[in-house]
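J.: So here's model_16.txt, just compact mmCIF, C-alpha atoms and all ligand atoms:
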# COMPACT_ATOMS: atom_id res chain seq x y z
CA MET X 1 0.00 0.00 0.00
CA ARG X 2 1.43 3.37 -1.06
CA ILE X 3 0.29 6.28 1.07
CA LEU X 4 0.64 9.95 0.20
CA ALA X 5 1.11 11.70 3.55
CA LEU X 6 0.84 15.36 4.55
CA GLU X 7 2.04 17.20 7.65
CA SER X 8 1.40 20.85 8.58
CA SER X 9 0.92 20.88 12.36
CA CYS X 10 3.54 23.52 13.18
CA ASP X 11 6.20 25.24 11.08
CA GLU X 12 7.11 22.57 8.54
CA THR X 13 5.05 21.88 5.40
CA ALA X 14 5.81 18.29 4.48
CA ALA X 15 4.65 15.61 2.07
CA ALA X 16 5.90 12.06 1.55
CA VAL X 17 5.07 8.76 -0.08
CA VAL X 18 5.53 5.68 2.11
CA GLU X 19 5.07 2.05 1.16
CA ASP X 20 3.55 -0.41 3.63
CA GLY X 21 4.42 1.75 6.63
CA ARG X 22 8.11 0.97 6.44
CA LYS X 23 9.67 2.23 3.22
CA ILE X 24 10.11 5.90 2.29
CA LEU X 25 9.62 6.43 -1.45
CA SER X 26 9.92 10.21 -1.10
CA SER X 27 9.98 12.82 1.65
CA VAL X 28 9.89 16.58 1.15
CA VAL X 29 10.04 19.10 4.02
CA ALA X 30 9.72 22.87 3.53
CA SER X 31 10.76 24.56 6.76
CA GLN X 32 9.59 28.03 7.77
CA VAL X 33 12.00 28.25 10.68
CA GLU X 34 14.11 31.12 9.26
CA GLU X 35 11.05 33.37 9.16
CA HIS X 36 9.82 32.48 12.68
CA LYS X 37 13.34 33.03 14.03
CA LEU X 38 12.82 36.77 13.54
CA TYR X 39 10.08 36.64 16.19
CA GLY X 40 11.73 34.23 18.64
CA GLY X 41 9.10 31.53 18.12
CA VAL X 42 6.39 30.27 15.79
CA VAL X 43 3.82 32.94 14.80
CA PRO X 44 0.66 30.89 14.11
CA GLU X 45 -0.83 33.23 11.49
CA ILE X 46 2.41 33.29 9.49
CA ALA X 47 2.67 29.50 9.76
CA SER X 48 -0.82 29.02 8.25
CA ARG X 49 -0.11 31.39 5.37
CA ARG X 50 3.18 29.73 4.52
CA HIS X 51 1.53 26.29 4.58
CA CYS X 52 -1.08 27.55 2.08
CA GLU X 53 1.69 28.78 -0.20
CA ALA X 54 3.88 25.68 0.05
CA ILE X 55 1.53 22.72 0.22
CA VAL X 56 0.77 22.26 -3.50
CA GLY X 57 4.41 22.40 -4.57
CA VAL X 58 5.62 20.19 -1.72
CA THR X 59 2.97 17.56 -2.50
CA GLN X 60 3.73 17.58 -6.22
CA GLN X 61 7.43 17.24 -5.43
CA ALA X 62 6.77 14.23 -3.17
CA LEU X 63 4.76 12.53 -5.94
CA ASP X 64 7.41 13.35 -8.57
CA ASP X 65 10.24 12.07 -6.36
CA ALA X 66 8.33 8.83 -5.81
CA GLY X 67 7.78 8.58 -9.58
CA MET X 68 4.01 8.37 -9.32
CA THR X 69 0.79 10.28 -9.78
CA LEU X 70 -1.97 10.98 -7.27
CA ARG X 71 -4.12 8.32 -8.96
CA GLU X 72 -1.50 5.69 -8.08
CA ALA X 73 -1.64 6.43 -4.33
CA ASP X 74 -3.75 3.99 -2.32
CA ALA X 75 -4.69 6.46 0.42
CA ILE X 76 -4.10 10.01 1.68
CA ALA X 77 -2.88 10.35 5.29
CA VAL X 78 -2.85 13.67 7.09
CA THR X 79 -1.91 15.01 10.52
CA TYR X 80 -5.17 16.25 12.07
CA ALA X 81 -4.20 16.73 15.76
CA PRO X 82 -2.63 18.08 17.94
CA GLY X 83 -0.94 21.27 16.77
CA LEU X 84 -1.61 24.87 15.74
CA ILE X 85 -5.22 24.83 14.62
CA GLY X 86 -4.80 27.16 11.64
CA ALA X 87 -1.75 25.25 10.48
CA LEU X 88 -3.42 21.84 10.84
CA LEU X 89 -6.48 23.05 8.91
CA VAL X 90 -4.36 23.72 5.82
CA GLY X 91 -3.16 20.12 5.62
CA VAL X 92 -6.53 18.64 6.57
CA ASN X 93 -8.48 20.63 3.98
CA PHE X 94 -5.93 20.01 1.26
CA ALA X 95 -5.97 16.29 2.04
CA LYS X 96 -9.77 16.26 1.93
CA GLY X 97 -9.65 17.89 -1.51
CA LEU X 98 -7.17 15.29 -2.78
CA SER X 99 -9.19 12.46 -1.29
CA MET X 100 -12.42 13.70 -2.86
CA SER X 101 -10.97 14.51 -6.29
CA ALA X 102 -9.02 11.27 -6.66
CA ASN X 103 -11.53 9.12 -4.72
CA LYS X 104 -8.96 7.83 -2.22
CA PRO X 105 -9.50 6.89 1.44
CA LEU X 106 -8.58 9.65 3.89
CA VAL X 107 -6.61 8.55 6.98
CA PRO X 108 -6.35 10.95 9.94
CA VAL X 109 -3.10 10.64 11.91
CA HIS X 110 -2.26 11.87 15.41
CA HIS X 111 0.96 13.88 15.35
CA LEU X 112 2.61 12.20 18.34
CA ARG X 113 1.70 8.73 17.08
CA SER X 114 3.46 9.65 13.85
CA HIS X 115 6.57 10.73 15.76
CA ILE X 116 6.63 7.23 17.29
CA ALA X 117 6.20 5.73 13.80
CA ALA X 118 9.42 7.43 12.65
CA ASN X 119 11.00 4.43 14.38
CA TYR X 120 9.22 1.96 12.08
CA LEU X 121 10.98 3.66 9.17
CA THR X 122 14.36 3.77 10.91
CA SER X 123 14.20 0.22 12.30
CA PRO X 124 12.06 -2.08 10.11
CA GLU X 125 12.41 -4.85 12.71
CA LEU X 126 10.74 -2.80 15.48
CA LYS X 127 7.25 -3.99 16.44
CA PRO X 128 5.04 -3.20 19.45
CA PRO X 129 4.86 -3.77 22.35
CA PHE X 130 7.42 -1.28 23.64
CA LEU X 131 7.76 1.67 25.97
CA CYS X 132 8.24 5.06 24.31
CA LEU X 133 9.56 8.39 25.55
CA VAL X 134 7.88 11.04 23.39
CA VAL X 135 9.80 14.29 23.65
CA SER X 136 8.75 17.06 21.27
CA GLY X 137 8.45 20.82 21.36
CA GLY X 138 4.90 20.70 22.69
CA HIS X 139 4.60 17.35 24.50
CA THR X 140 6.52 15.07 26.84
CA HIS X 141 4.99 11.66 27.49
CA ILE X 142 5.94 8.17 28.56
CA VAL X 143 3.71 5.92 26.46
CA GLU X 144 3.07 2.21 26.54
CA VAL X 145 2.73 1.24 22.86
CA ARG X 146 0.78 -2.02 23.17
CA ASP X 147 0.07 -2.21 19.46
CA TYR X 148 0.45 0.16 16.49
CA THR X 149 -2.85 1.86 17.31
CA ASP X 150 -3.30 0.87 20.96
CA LEU X 151 -1.39 3.27 23.20
CA ARG X 152 -1.61 4.19 26.85
CA VAL X 153 -0.03 7.23 28.51
CA LEU X 154 1.82 6.38 31.75
CA GLY X 155 3.29 9.82 32.43
CA ARG X 156 3.30 13.33 31.05
CA THR X 157 4.68 16.75 31.79
CA ARG X 158 2.70 18.86 34.23
CA ASP X 159 3.93 22.12 32.69
CA ASP X 160 6.54 22.76 29.97
CA ALA X 161 7.46 20.13 27.40
CA ALA X 162 11.15 19.17 27.24
CA GLY X 163 11.63 20.90 23.86
CA GLU X 164 9.84 24.01 25.10
CA ALA X 165 12.10 24.12 28.18
CA PHE X 166 15.18 23.79 25.95
CA ASP X 167 13.93 26.56 23.66
CA LYS X 168 13.02 28.97 26.48
CA ALA X 169 16.26 28.43 28.41
CA ALA X 170 18.26 28.72 25.17
CA ARG X 171 16.54 32.00 24.39
CA ALA X 172 17.48 33.36 27.84
CA MET X 173 21.07 32.34 27.05
CA GLY X 174 20.94 34.41 23.84
CA MET X 175 20.44 31.61 21.29
CA SER X 176 17.95 32.01 18.45
CA TYR X 177 14.76 29.94 17.97
CA PRO X 178 14.53 26.96 18.13
CA GLY X 179 17.31 26.91 20.68
CA GLY X 180 17.31 23.19 21.52
CA VAL X 181 19.72 22.30 18.73
CA ALA X 182 22.07 25.23 19.46
CA MET X 183 22.05 24.43 23.18
CA ASP X 184 22.94 20.81 22.46
CA ARG X 185 25.91 21.96 20.36
CA ILE X 186 27.21 24.60 22.80
CA ALA X 187 26.72 22.28 25.80
CA ARG X 188 29.39 19.95 24.41
CA GLU X 189 32.02 22.59 25.25
CA GLY X 190 30.80 23.19 28.81
CA ASP X 191 31.08 21.56 32.23
CA PRO X 192 27.76 19.91 33.24
CA ALA X 193 28.78 20.14 36.92
CA ALA X 194 29.44 23.91 36.79
CA PHE X 195 25.98 24.86 38.05
CA SER X 196 23.86 22.93 40.49
CA LEU X 197 20.32 22.97 39.09
CA PRO X 198 17.11 21.41 40.43
CA HIS X 199 15.98 18.01 39.12
CA PRO X 200 12.23 18.39 39.68
CA ALA X 201 10.10 15.32 40.36
CA VAL X 202 6.33 15.16 40.81
CA ASP X 203 5.27 13.84 44.21
CA GLY X 204 3.35 10.58 43.95
CA ALA X 205 3.62 10.48 40.11
CA PRO X 206 7.04 9.02 39.31
CA TYR X 207 6.46 8.98 35.54
CA ASP X 208 5.34 12.62 35.33
CA PHE X 209 7.69 15.49 34.55
CA SER X 210 7.95 19.14 35.50
CA PHE X 211 10.42 21.40 33.74
CA SER X 212 9.18 24.91 34.45
CA GLY X 213 11.03 25.20 37.81
CA LEU X 214 14.27 24.12 36.19
CA LYS X 215 13.78 26.59 33.34
CA THR X 216 12.99 29.39 35.83
CA ALA X 217 16.08 28.52 37.90
CA VAL X 218 18.28 29.08 34.84
CA ILE X 219 16.51 32.28 33.85
CA ASN X 220 16.89 33.61 37.41
CA LEU X 221 20.61 32.79 37.43
CA ILE X 222 21.03 34.76 34.21
CA HIS X 223 19.00 37.76 35.41
CA ASN X 224 20.76 37.89 38.79
CA ALA X 225 24.14 37.87 37.07
CA GLU X 226 23.00 40.61 34.65
CA GLN X 227 21.89 42.80 37.57
CA LYS X 228 25.38 42.50 39.03
CA GLY X 229 26.92 43.36 35.68
CA GLN X 230 28.29 39.81 35.31
CA THR X 231 27.96 37.39 32.44
CA LEU X 232 27.76 33.67 33.03
CA PRO X 233 29.72 31.14 30.95
CA VAL X 234 27.08 30.03 28.44
CA PRO X 235 28.68 26.63 27.59
CA ASP X 236 28.73 25.68 31.31
CA LEU X 237 25.16 26.87 31.81
CA ALA X 238 23.97 25.04 28.68
CA ALA X 239 25.79 21.84 29.73
CA SER X 240 24.32 21.98 33.25
CA PHE X 241 20.81 22.62 31.95
CA ARG X 242 20.99 19.91 29.29
CA LYS X 243 22.21 17.42 31.87
CA ALA X 244 19.40 18.29 34.32
CA VAL X 245 16.70 17.84 31.62
CA VAL X 246 18.21 14.58 30.39
CA ASP X 247 18.64 13.27 33.96
CA CYS X 248 14.92 13.84 34.64
CA LEU X 249 13.83 12.25 31.34
CA VAL X 250 16.03 9.19 31.79
CA ARG X 251 15.23 8.77 35.51
CA ASN X 252 11.47 8.51 34.88
CA PHE X 253 11.78 6.50 31.68
CA VAL X 254 14.02 3.87 33.30
CA LYS X 255 11.69 3.66 36.32
CA ALA X 256 8.66 3.18 34.07
CA ALA X 257 10.51 0.43 32.18
CA GLN X 258 11.48 -1.33 35.41
CA ASP X 259 7.96 -1.09 36.86
CA THR X 260 6.27 -2.34 33.70
CA GLY X 261 8.91 -4.95 32.89
CA SER X 262 9.52 -3.37 29.47
CA THR X 263 12.83 -4.25 27.87
CA THR X 264 12.30 -2.54 24.50
CA LEU X 265 12.70 1.22 24.83
CA VAL X 266 12.03 3.74 22.08
CA THR X 267 12.30 7.52 21.78
CA ALA X 268 10.33 9.86 19.54
CA GLY X 269 10.04 13.58 18.74
CA GLY X 270 12.42 16.47 18.10
CA VAL X 271 14.27 16.20 21.41
CA SER X 272 15.25 12.60 20.59
CA ALA X 273 17.92 14.26 18.45
CA ASN X 274 19.62 15.45 21.65
CA SER X 275 23.09 13.93 21.73
CA LEU X 276 23.26 13.60 25.52
CA LEU X 277 19.83 11.96 25.70
CA ARG X 278 20.90 9.47 23.03
CA SER X 279 24.23 8.59 24.65
CA THR X 280 22.77 8.38 28.18
CA LEU X 281 19.98 6.05 27.04
CA GLU X 282 22.49 3.93 25.13
CA GLN X 283 24.48 3.49 28.37
CA GLU X 284 21.45 2.85 30.58
CA CYS X 285 19.92 0.32 28.18
CA GLY X 286 23.29 -1.25 27.39
CA LYS X 287 24.08 -2.04 31.00
CA ARG X 288 20.66 -3.62 31.57
CA GLY X 289 20.57 -5.57 28.31
CA TRP X 290 17.52 -3.64 27.07
CA ARG X 291 16.90 -2.96 23.37
CA LEU X 292 16.90 0.73 22.44
CA PHE X 293 15.46 2.26 19.26
CA MET X 294 15.72 5.92 18.31
CA PRO X 295 14.65 7.64 15.08
CA ARG X 296 17.46 8.51 12.68
CA LEU X 297 18.30 12.20 13.09
CA SER X 298 16.58 13.26 9.87
CA LEU X 299 13.30 11.74 11.14
CA CYS X 300 13.35 13.18 14.70
CA GLY X 301 11.82 16.52 13.71
CA ASP X 302 8.53 17.07 11.88
CA ASN X 303 8.23 15.31 8.51
CA ALA X 304 5.50 13.56 6.52
CA ALA X 305 7.22 10.20 6.11
CA MET X 306 6.36 9.40 9.72
CA VAL X 307 2.72 10.33 8.97
CA GLY X 308 2.73 7.87 6.07
CA ALA X 309 4.14 5.17 8.36
CA GLN X 310 1.56 5.62 11.12
CA GLY X 311 -1.15 6.21 8.49
CA TYR X 312 -0.54 2.70 7.15
CA PHE X 313 -1.18 1.10 10.54
CA GLU X 314 -4.19 3.37 11.20
CA ALA X 315 -5.62 2.37 7.80
CA LEU X 316 -5.07 -1.33 8.58
CA SER X 317 -6.97 -0.86 11.84
CA GLY X 318 -9.88 0.60 9.84
CA LYS X 319 -9.43 4.22 10.81
CA THR X 320 -10.53 6.34 7.87
CA ALA X 321 -12.40 9.64 7.84
CA GLY X 322 -15.01 11.34 5.72
CA LEU X 323 -15.14 14.87 4.44
CA ASP X 324 -16.42 16.00 7.83
CA LEU X 325 -12.94 15.41 9.29
CA ASN X 326 -11.88 18.38 11.41
CA ALA X 327 -8.52 19.41 12.83
CA CYS X 328 -8.07 19.54 16.63
CA ALA X 329 -5.51 21.63 18.52
CA GLU X 330 -5.50 19.17 21.42
CA MET X 331 -6.10 15.44 21.43
CA PRO X 332 -4.84 12.68 23.73
CA ILE X 333 -2.53 10.19 22.03
CA ASP X 334 -4.50 7.28 23.47
CA GLU X 335 -7.95 8.45 22.36
CA LYS X 336 -9.85 5.62 20.70
CA ALA X 337 -10.90 6.20 17.11
O1 LIG C 1 8.91 17.11 17.46
P1 LIG C 1 9.29 18.45 17.03
O2 LIG C 1 10.03 18.61 15.72
O3 LIG C 1 8.07 19.39 16.94
C1 LIG C 1 6.95 19.25 17.77
O4 LIG C 1 6.10 18.36 17.48
O5 LIG C 1 6.88 20.00 18.76
O6 LIG C 1 10.18 19.05 18.19
C2 LIG C 1 10.78 20.30 18.10
C3 LIG C 1 11.55 20.52 19.39
C4 LIG C 1 12.03 21.95 19.55
O7 LIG C 1 11.68 22.38 20.84
C5 LIG C 1 13.54 21.83 19.38
O8 LIG C 1 14.27 22.79 20.08
C6 LIG C 1 13.79 20.44 19.94
O9 LIG C 1 12.72 19.68 19.42
N1 LIG C 1 15.08 19.89 19.51
C7 LIG C 1 16.09 19.63 20.37
C8 LIG C 1 17.16 19.14 19.59
N2 LIG C 1 16.76 19.11 18.29
C9 LIG C 1 15.47 19.58 18.27
N3 LIG C 1 16.16 19.76 21.70
C10 LIG C 1 17.31 19.41 22.28
N4 LIG C 1 18.40 18.94 21.62
C11 LIG C 1 18.36 18.78 20.28
N5 LIG C 1 19.43 18.31 19.61
ZN ZN C 2 6.40 17.22 16.05
Could you spell out this file's structure in structure tokens?
Ligand code: KG4
Ligand code: ZN

T.:
Amino acid sequence: MRILALESSCDETAAAVVEDGRKILSSVVASQVEEHKLYGGVVPEIASRRHCEAIVGVTQQALDDAGMTLREADAIAVTYAPGLIGALLVGVNFAKGLSMSANKPLVPVHHLRSHIAANYLTSPELKPPFLCLVVSGGHTHIVEVRDYTDLRVLGRTRDDAAGEAFDKAARAMGMSYPGGVAMDRIAREGDPAAFSLPHPAVDGAPYDFSFSGLKTAVINLIHNAEQKGQTLPVPDLAASFRKAVVDCLVRNFVKAAQDTGSTTLVTAGGVSANSLLRSTLEQECGKRGWRLFMPRLSLCGDNAAMVGAQGYFEALSGKTAGLDLNACAEMPIDEKA
């Protein structure tokens, strides 16, 4: 089954063709990040407009790269939740138009489920069940993936997502949006023990996260230094912050794996590109004999290939939509179809 997939939930307009949920025939991503950088974050109205401008060309390119026409696609998959509502609506309405004009089934895909599916493309041998740490710009979850379309959330962030915390702390350190990548790079030159930062835990909820106190601690350190006319060593601060975030993520993820007896661990979402998170999980899983799967770097961020992968499994489970499909800004990952 060849699926034409579309993604427009945030600031990337993407289209891809994926075969049987595992093989990428084409993948095109048009990023708007340079424009949003000017404002220090994604401006929703600009994102929607840029999606409108890009989506036709990106989709045509994905079909051309796969060497096929729309008529040869077996289904159209589209991200319909969660995300920026105006941005999602562009992809959803375009996908509805394609589905109606070419008479193809329309498959709605949850954005975080698709991030998990990036692993099915990276590691064709990976099959559920497994435990997944979903770490994106807007969400941080520990998810039990019982089957491709049967998921259960064990823990979540109570405030900021990991990516959001990276971006906000990076901004306070003078890095441009999205700061997570820059912070990861600069942190490699710093001493992670230079600053003692909090490692917040949520009382009575060992799989839940809280990053806003940690983010505020760093921002306060920077402001206090500024008031005294001092500047703090950014590489040391970045290294200390990165280590604190990764320590919290790994602490809860390992505990959830131990408690549930899971020995196959998976990461998903933009923050899975973080080099310290990757190396720490490799060590932790290596010493326990657990299997670890992480998306290849090019599939950690938003793309449509992952939508085509998850779309395949959603279609197999019978999840298709009609022309009344709507986009939703919020939707739990474990909501039943
Ligand atoms: O999954 P994603 O592409 O978009 C959402 O669905 O939100 O995640 C984007 C997030 C941003 O916050 C970005 O700063 C973060 O992933 N990110 C990183 C790294 N690469 C991307 N955070 C830390 N270290 C990285 N290497
Ligand atoms: Zn994403």

J.: Mind checking which residues fall within 9 Å of X:Gln32, counting all atoms listed in the file, ignoring those fewer than 5 positions away in the same chain, and posting them as a PyMOL selection string?

T.: chain X and resi 11-13+37+42+47+50-51

J.: Restrict the calculation to all atoms listed in the file, then for each residue of chain X with any atom at most 8 Å from an atom of ligand LIG 1 (chain C) give the closest atom pair and their distance in Å to one decimal, rows by chain and rising residue number, as CSV.

T.:
residue,atom,partner,partner_atom,distance
X:Ser9,CA,C:LIG1,O4,7.7
X:Cys10,CA,C:LIG1,C1,7.1
X:Gly83,CA,C:LIG1,O4,7.7
X:His111,CA,C:LIG1,O4,7.1
X:Leu112,CA,C:LIG1,O4,7.1
X:His115,CA,C:LIG1,O1,7.0
X:Val135,CA,C:LIG1,O1,6.9
X:Ser136,CA,C:LIG1,O1,3.8
X:Gly137,CA,C:LIG1,O5,3.1
X:Gly138,CA,C:LIG1,O5,4.5
X:His139,CA,C:LIG1,O5,6.7
X:Ala162,CA,C:LIG1,O7,7.2
X:Gly163,CA,C:LIG1,O7,3.4
X:Glu164,CA,C:LIG1,O7,4.9
X:Ala165,CA,C:LIG1,O7,7.6
X:Phe166,CA,C:LIG1,N3,5.9
X:Asp167,CA,C:LIG1,O8,5.2
X:Tyr177,CA,C:LIG1,O8,7.5
X:Pro178,CA,C:LIG1,O8,4.6
X:Gly179,CA,C:LIG1,O8,5.2
X:Gly180,CA,C:LIG1,O8,3.4
X:Val181,CA,C:LIG1,C11,4.1
X:Ala182,CA,C:LIG1,N5,7.4
X:Met183,CA,C:LIG1,N4,6.8
X:Asp184,CA,C:LIG1,N4,5.0
X:Arg185,CA,C:LIG1,N5,7.5
X:Arg242,CA,C:LIG1,C10,7.9
X:Ala268,CA,C:LIG1,O1,7.7
X:Gly269,CA,C:LIG1,O1,3.9
X:Gly270,CA,C:LIG1,O6,3.4
X:Val271,CA,C:LIG1,C7,4.0
X:Ser272,CA,C:LIG1,C8,6.9
X:Ala273,CA,C:LIG1,N5,4.5
X:Asn274,CA,C:LIG1,N5,3.5
X:Ser275,CA,C:LIG1,N5,6.1
X:Cys300,CA,C:LIG1,O2,6.4
X:Gly301,CA,C:LIG1,O2,3.4
X:Asp302,CA,C:LIG1,O2,4.4

J.: Can you measure atom CA of X:His110 to atom CA of X:Val307 for me? One decimal in Å is fine.

T.: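 Atom CA of X:Val307 lies 8.3 Å from atom CA of X:His110.
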
J.: Rounded to one decimal place, report the atom CA of X:Glu7-atom CA of X:Pro82 distance in Å.

T.: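 Interatomic distance, atom CA of X:Glu7 to atom CA of X:Pro82: 11.3 Å.
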
J.: For X:Glu189, work out the shell of residues within 10 Å, counting all atoms listed in the file and skipping chain neighbours fewer than 4 positions away, then give it as a list in words.

T.: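 Listed by chain and then number, they are Asp184, Arg185, Val234, Pro235, Asp236, Ala238 and Ala239 of chain X.
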
J.: Which of these residues is nearest to X:Gly86, using only C-alpha atoms: X:Arg113, X:Arg49, X:Lys319, X:Lys104?

T.: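 Looking at the shortest contact to X:Gly86, the residue is X:Arg49.
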
J.: Enter the distance from atom CA of X:Met1 to atom CA of X:Val90, in Å, rounded to one decimal.

T.: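 Between atom CA of X:Met1 and atom CA of X:Val90 the gap is 24.8 Å.
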
J.: Pick out the residues sitting within 9 Å of X:Pro332, and hand them over as a list in words; count all atoms listed in the file, and ignore anything fewer than 2 positions along from it in its own chain.

T.: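 Here the answer would be Ala81, Pro82, His110, Val153, Glu330, Asp334 and Glu335 of chain X.
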
J.: Go ahead and write the residues just picked, C-alpha atoms, as a PDB file, in the frame of the given file.

T.:
ATOM      1  CA  ALA X  81      -4.200  16.730  15.760  1.00  0.00           C
ATOM      2  CA  PRO X  82      -2.630  18.080  17.940  1.00  0.00           C
ATOM      3  CA  HIS X 110      -2.260  11.870  15.410  1.00  0.00           C
ATOM      4  CA  VAL X 153      -0.030   7.230  28.510  1.00  0.00           C
ATOM      5  CA  GLU X 330      -5.500  19.170  21.420  1.00  0.00           C
ATOM      6  CA  ASP X 334      -4.500   7.280  23.470  1.00  0.00           C
ATOM      7  CA  GLU X 335      -7.950   8.450  22.360  1.00  0.00           C
TER       8      GLU X 335
END

J.: Env of X:Pro200: 12 Å cut, atoms = all atoms listed in the file, seq-sep filter 6 positions within chain, self excluded. Answer as a PyMOL selection string.

T.: chain X and resi 157-159+206-217+244-249+251-252

J.: Around (-7.7, 13.9, -3.5) in the file's own coordinates, what residues are found within 12 Å if you use all atoms listed in the file, given back as JSON, numbers by chain?

T.: {"X": [3, 4, 5, 6, 56, 59, 69, 70, 71, 72, 73, 74, 75, 76, 77, 78, 91, 92, 93, 94, 95, 96, 97, 98, 99, 100, 101, 102, 103, 104, 105, 106, 107, 323]}

J.: Pick the closest to ligand ZN 2 (chain C) from X:Ala117, X:Cys52, X:Ala205, X:Met294: which is it, counting only C-alpha atoms and all ligand atoms?

T.: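 So, comparing all the options, the nearest one is X:Ala117.
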
J.: Can you work out which one of X:Val134, X:Val218, X:Ala329, X:Ala172 has the shortest atom-to-atom distance to ligand ZN 2 (chain C), counting only C-alpha atoms and all ligand atoms?

T.: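 That would be X:Val134, the residue with the smallest distance to ligand ZN 2 (chain C).
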
J.: Using all atoms listed in the file, which residues sit within 10 Å of X:Thr263 once same-chain residues fewer than 6 positions away are excluded, as a ChimeraX atom specification?

T.: /X:129-131,254,257,285,288-292

J.: Measuring atom to atom with all atoms listed in the file, identify which of X:Leu84, X:Ala187, X:Leu265, X:Met173 is nearest to ligand ZN 2 (chain C).

T.: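 Using all atoms listed in the file, ligand ZN 2 (chain C) sits closest to X:Leu84.
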
J.: When you count all atoms listed in the file, which of these residues is closest to ligand ZN 2 (chain C): X:Met306, X:Leu221, X:Leu133, X:Ile186?

T.: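 For ligand ZN 2 (chain C), the nearest of the candidates is X:Met306.
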
J.: Ranking X:Ile55, X:Leu281, X:Met175, X:Met331 by minimum distance to X:Gly41 and counting only C-alpha atoms, which one comes first?

T.: X:Met175
